[in-house]
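Student: Below is input-v4.pdb; it holds PDB, C-alpha atoms.
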MODEL        1
ATOM      1  CA  MET V   1      -1.361  39.695 -45.850
ATOM      2  CA  ALA V   2      -1.650  42.689 -43.556
ATOM      3  CA  LYS V   3      -0.069  42.221 -40.132
ATOM      4  CA  ILE V   4      -2.074  43.024 -37.000
ATOM      5  CA  ILE V   5      -0.105  45.481 -34.864
ATOM      6  CA  ASN V   6      -0.590  46.770 -31.333
ATOM      7  CA  SER V   7       0.035  50.080 -29.591
ATOM      8  CA  GLN V   8       3.683  49.293 -28.857
ATOM      9  CA  GLU V   9       4.453  48.612 -32.533
ATOM     10  CA  PHE V  10       2.435  51.488 -33.971
ATOM     11  CA  ASP V  11       4.889  54.415 -33.957
ATOM     12  CA  ASN V  12       7.771  52.382 -35.394
ATOM     13  CA  THR V  13       5.491  50.944 -38.080
ATOM     14  CA  ILE V  14       4.275  54.286 -39.445
ATOM     15  CA  GLU V  15       7.545  56.247 -39.228
ATOM     16  CA  SER V  16       8.798  55.672 -42.777
ATOM     17  CA  GLY V  17       7.253  55.243 -46.192
ATOM     18  CA  VAL V  18       3.563  54.957 -46.995
ATOM     19  CA  VAL V  19       1.592  52.918 -44.452
ATOM     20  CA  VAL V  20      -2.124  52.134 -44.572
ATOM     21  CA  VAL V  21      -3.581  51.299 -41.158
ATOM     22  CA  ASP V  22      -6.882  49.409 -41.201
ATOM     23  CA  PHE V  23      -8.727  50.057 -37.938
ATOM     24  CA  PHE V  24     -11.139  47.115 -37.679
ATOM     25  CA  ALA V  25     -13.178  44.967 -35.301
ATOM     26  CA  THR V  26     -13.667  41.207 -35.446
ATOM     27  CA  TRP V  27     -17.461  41.640 -35.153
ATOM     28  CA  CYS V  28     -17.695  44.105 -38.071
ATOM     29  CA  GLY V  29     -19.247  42.796 -41.307
ATOM     30  CA  PRO V  30     -17.821  45.471 -43.646
ATOM     31  CA  CYS V  31     -14.380  44.907 -42.050
ATOM     32  CA  LYS V  32     -14.574  41.240 -43.030
ATOM     33  CA  MET V  33     -15.485  42.271 -46.592
ATOM     34  CA  LEU V  34     -12.561  44.719 -46.763
ATOM     35  CA  SER V  35      -9.956  42.290 -45.412
ATOM     36  CA  PRO V  36      -9.395  40.335 -48.674
ATOM     37  CA  VAL V  37      -9.205  43.635 -50.593
ATOM     38  CA  ILE V  38      -6.449  44.830 -48.230
ATOM     39  CA  ASP V  39      -4.629  41.502 -48.620
ATOM     40  CA  GLU V  40      -4.756  41.745 -52.436
ATOM     41  CA  LEU V  41      -3.496  45.325 -52.430
ATOM     42  CA  SER V  42      -0.668  44.478 -50.041
ATOM     43  CA  GLY V  43       0.572  42.054 -52.701
ATOM     44  CA  GLU V  44       0.122  44.522 -55.568
ATOM     45  CA  LEU V  45       1.460  47.708 -53.956
ATOM     46  CA  GLU V  46       4.823  46.450 -52.734
ATOM     47  CA  ASN V  47       6.036  49.935 -51.730
ATOM     48  CA  VAL V  48       3.073  50.378 -49.345
ATOM     49  CA  ASN V  49       2.901  48.721 -45.927
ATOM     50  CA  PHE V  50      -0.607  47.560 -44.977
ATOM     51  CA  VAL V  51      -1.259  46.849 -41.281
ATOM     52  CA  LYS V  52      -4.338  46.306 -39.124
ATOM     53  CA  VAL V  53      -5.314  47.544 -35.660
ATOM     54  CA  ASP V  54      -8.072  45.742 -33.744
ATOM     55  CA  ILE V  55      -9.942  48.582 -32.027
ATOM     56  CA  ASP V  56     -11.111  46.270 -29.235
ATOM     57  CA  GLN V  57      -7.526  45.224 -28.446
ATOM     58  CA  SER V  58      -5.940  48.679 -28.934
ATOM     59  CA  MET V  59      -8.560  51.069 -27.581
ATOM     60  CA  ASP V  60      -5.899  53.702 -26.909
ATOM     61  CA  LEU V  61      -5.123  53.963 -30.640
ATOM     62  CA  ALA V  62      -8.824  54.034 -31.510
ATOM     63  CA  GLN V  63      -9.276  56.966 -29.123
ATOM     64  CA  LYS V  64      -6.108  58.753 -30.250
ATOM     65  CA  PHE V  65      -7.209  58.696 -33.898
ATOM     66  CA  LYS V  66     -10.888  59.330 -33.092
ATOM     67  CA  ILE V  67     -12.133  56.130 -34.720
ATOM     68  CA  VAL V  68     -15.931  56.325 -34.536
ATOM     69  CA  SER V  69     -16.817  53.694 -37.136
ATOM     70  CA  VAL V  70     -15.112  50.697 -38.662
ATOM     71  CA  PRO V  71     -13.576  50.025 -40.998
ATOM     72  CA  THR V  72     -11.554  53.233 -41.009
ATOM     73  CA  LEU V  73      -8.297  53.395 -42.937
ATOM     74  CA  LYS V  74      -5.643  55.937 -42.036
ATOM     75  CA  VAL V  75      -2.885  56.610 -44.559
ATOM     76  CA  PHE V  76       0.469  57.743 -43.169
ATOM     77  CA  LYS V  77       3.463  59.016 -45.108
ATOM     78  CA  ASN V  78       6.755  59.184 -43.201
ATOM     79  CA  GLY V  79       4.890  59.275 -39.891
ATOM     80  CA  GLU V  80       2.384  61.981 -40.854
ATOM     81  CA  GLU V  81      -1.314  61.235 -41.327
ATOM     82  CA  VAL V  82      -2.219  62.221 -44.899
ATOM     83  CA  ASP V  83      -5.658  60.678 -45.477
ATOM     84  CA  THR V  84      -8.637  59.009 -43.813
ATOM     85  CA  LEU V  85     -10.901  56.589 -45.669
ATOM     86  CA  MET V  86     -14.075  55.300 -44.041
ATOM     87  CA  GLY V  87     -16.193  52.264 -44.826
ATOM     88  CA  PHE V  88     -15.927  49.504 -47.384
ATOM     89  CA  MET V  89     -14.794  50.458 -50.875
ATOM     90  CA  PRO V  90     -14.043  48.441 -54.003
ATOM     91  CA  LYS V  91     -10.438  47.454 -54.633
ATOM     92  CA  GLU V  92      -9.825  49.830 -57.557
ATOM     93  CA  VAL V  93     -11.214  52.823 -55.634
ATOM     94  CA  LEU V  94      -9.051  52.063 -52.605
ATOM     95  CA  LYS V  95      -6.015  51.422 -54.797
ATOM     96  CA  SER V  96      -6.296  54.796 -56.537
ATOM     97  CA  LYS V  97      -6.710  56.625 -53.218
ATOM     98  CA  VAL V  98      -3.611  54.941 -51.768
ATOM     99  CA  GLU V  99      -1.548  55.411 -54.943
ATOM    100  CA  ALA V 100      -2.164  59.167 -54.723
ATOM    101  CA  HIS V 101       0.196  59.200 -51.712
ATOM    102  CA  ILE V 102       3.053  57.165 -53.192
TER     103      ILE V 102
ENDMDL
END
Could I get this file's structure written as structure tokens?
Tutor:
Amino acid sequence: MAKIINSQEFDNTIESGVVVVDFFATWCGPCKMLSPVIDELSGELENVNFVKVDIDQSMDLAQKFKIVSVPTLKVFKNGEEVDTLMGFMPKEVLKSKVEAHI
């Protein structure tokens, strides 16, 4: 299951390896649909760290990364942003996009 992180944890979380950050909101329907997909992939892709950021709780991160719609997934590799994925997508599509960065 993906851990919800806040602004203080963010930099340390993304600094090494491949990390997928799910920017979400509790009121967002597509975010709720994507959540079980993220949880499944976090179990399947053991070398990828999946975390979540609630944009209403961490507005500074939402502004920093210019999050204009949710869900938005940001993929980081060793601290560098390497991809942005927007909206709901089926598990296999998301998996292949993430695996491209491993």
Student: May I have the protein, DNA and RNA residues with any atom at most 10 Å from the point (-1.0, 55.9, -49.1), counting all atoms listed in the file, written as a list in words?
Tutor: Gly17, Val18, Val19, Val20, Val21, Leu45, Asn47, Val48, Asn49, Phe50, Leu73, Lys74, Val75, Phe76, Lys77, Glu81, Val82, Asp83, Thr84, Leu94, Lys95, Ser96, Lys97, Val98, Glu99, Ala100, His101 and Ile102 of chain V
Student: Using all atoms listed in the file, can you tell me which of V:Gly43, V:Asp11, V:Ile5, V:Asp22 comes closest to Met86 of chain V?
Tutor: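 Residue with the minimum atom-to-atom distance to Met86 of chain V: V:Asp22.
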Student: Which residue gives the smallest distance to Phe23 of chain V among V:Asn6, V:Thr72, V:Gln63, V:Asn78, with all atoms listed in the file counted?
Tutor: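 For Phe23 of chain V, the nearest of the candidates is V:Thr72.
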Student: Which residue out of V:Asp60, V:Glu46, V:Ile38, V:Ser16 has the minimum interatomic distance to Glu92 of chain V when all atoms listed in the file are used?
Tutor: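 Ranked by minimum distance to Glu92 of chain V, first place goes to V:Ile38.
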Student: Measuring between all atoms listed in the file, which one of V:Gly87, V:Gly79, V:Pro71, V:Gly29 shows the shortest distance to Phe10 of chain V?
Tutor: V:Gly79
Student: Quick check, in Å to one decimal: how far apart do atom CA of Ile4 of chain V and atom CA of Phe24 of chain V lie?
Tutor: 10.0 Å
Student: Counting only C-alpha atoms, figure out which residue out of V:Cys28, V:Lys66, V:Val93, V:Lys52 gets nearest to Ser7 of chain V.
Tutor: V:Lys52
Student: At what distance in Å, to one decimal, does atom CA of Pro90 of chain V lie from atom CA of Glu9 of chain V?
Tutor: 28.3 Å
Student: Find the distance between atom CA of Gln8 of chain V and atom CA of Glu40 of chain V and write it in Å to one decimal.
Tutor: 26.2 Å
Student: With distances taken over all atoms listed in the file, which residue among V:Lys91, V:Leu41, V:Ala2, V:Ala25 lies nearest Ala62 of chain V?
Tutor: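 The shortest atom-to-atom distance to Ala62 of chain V comes from V:Ala25.
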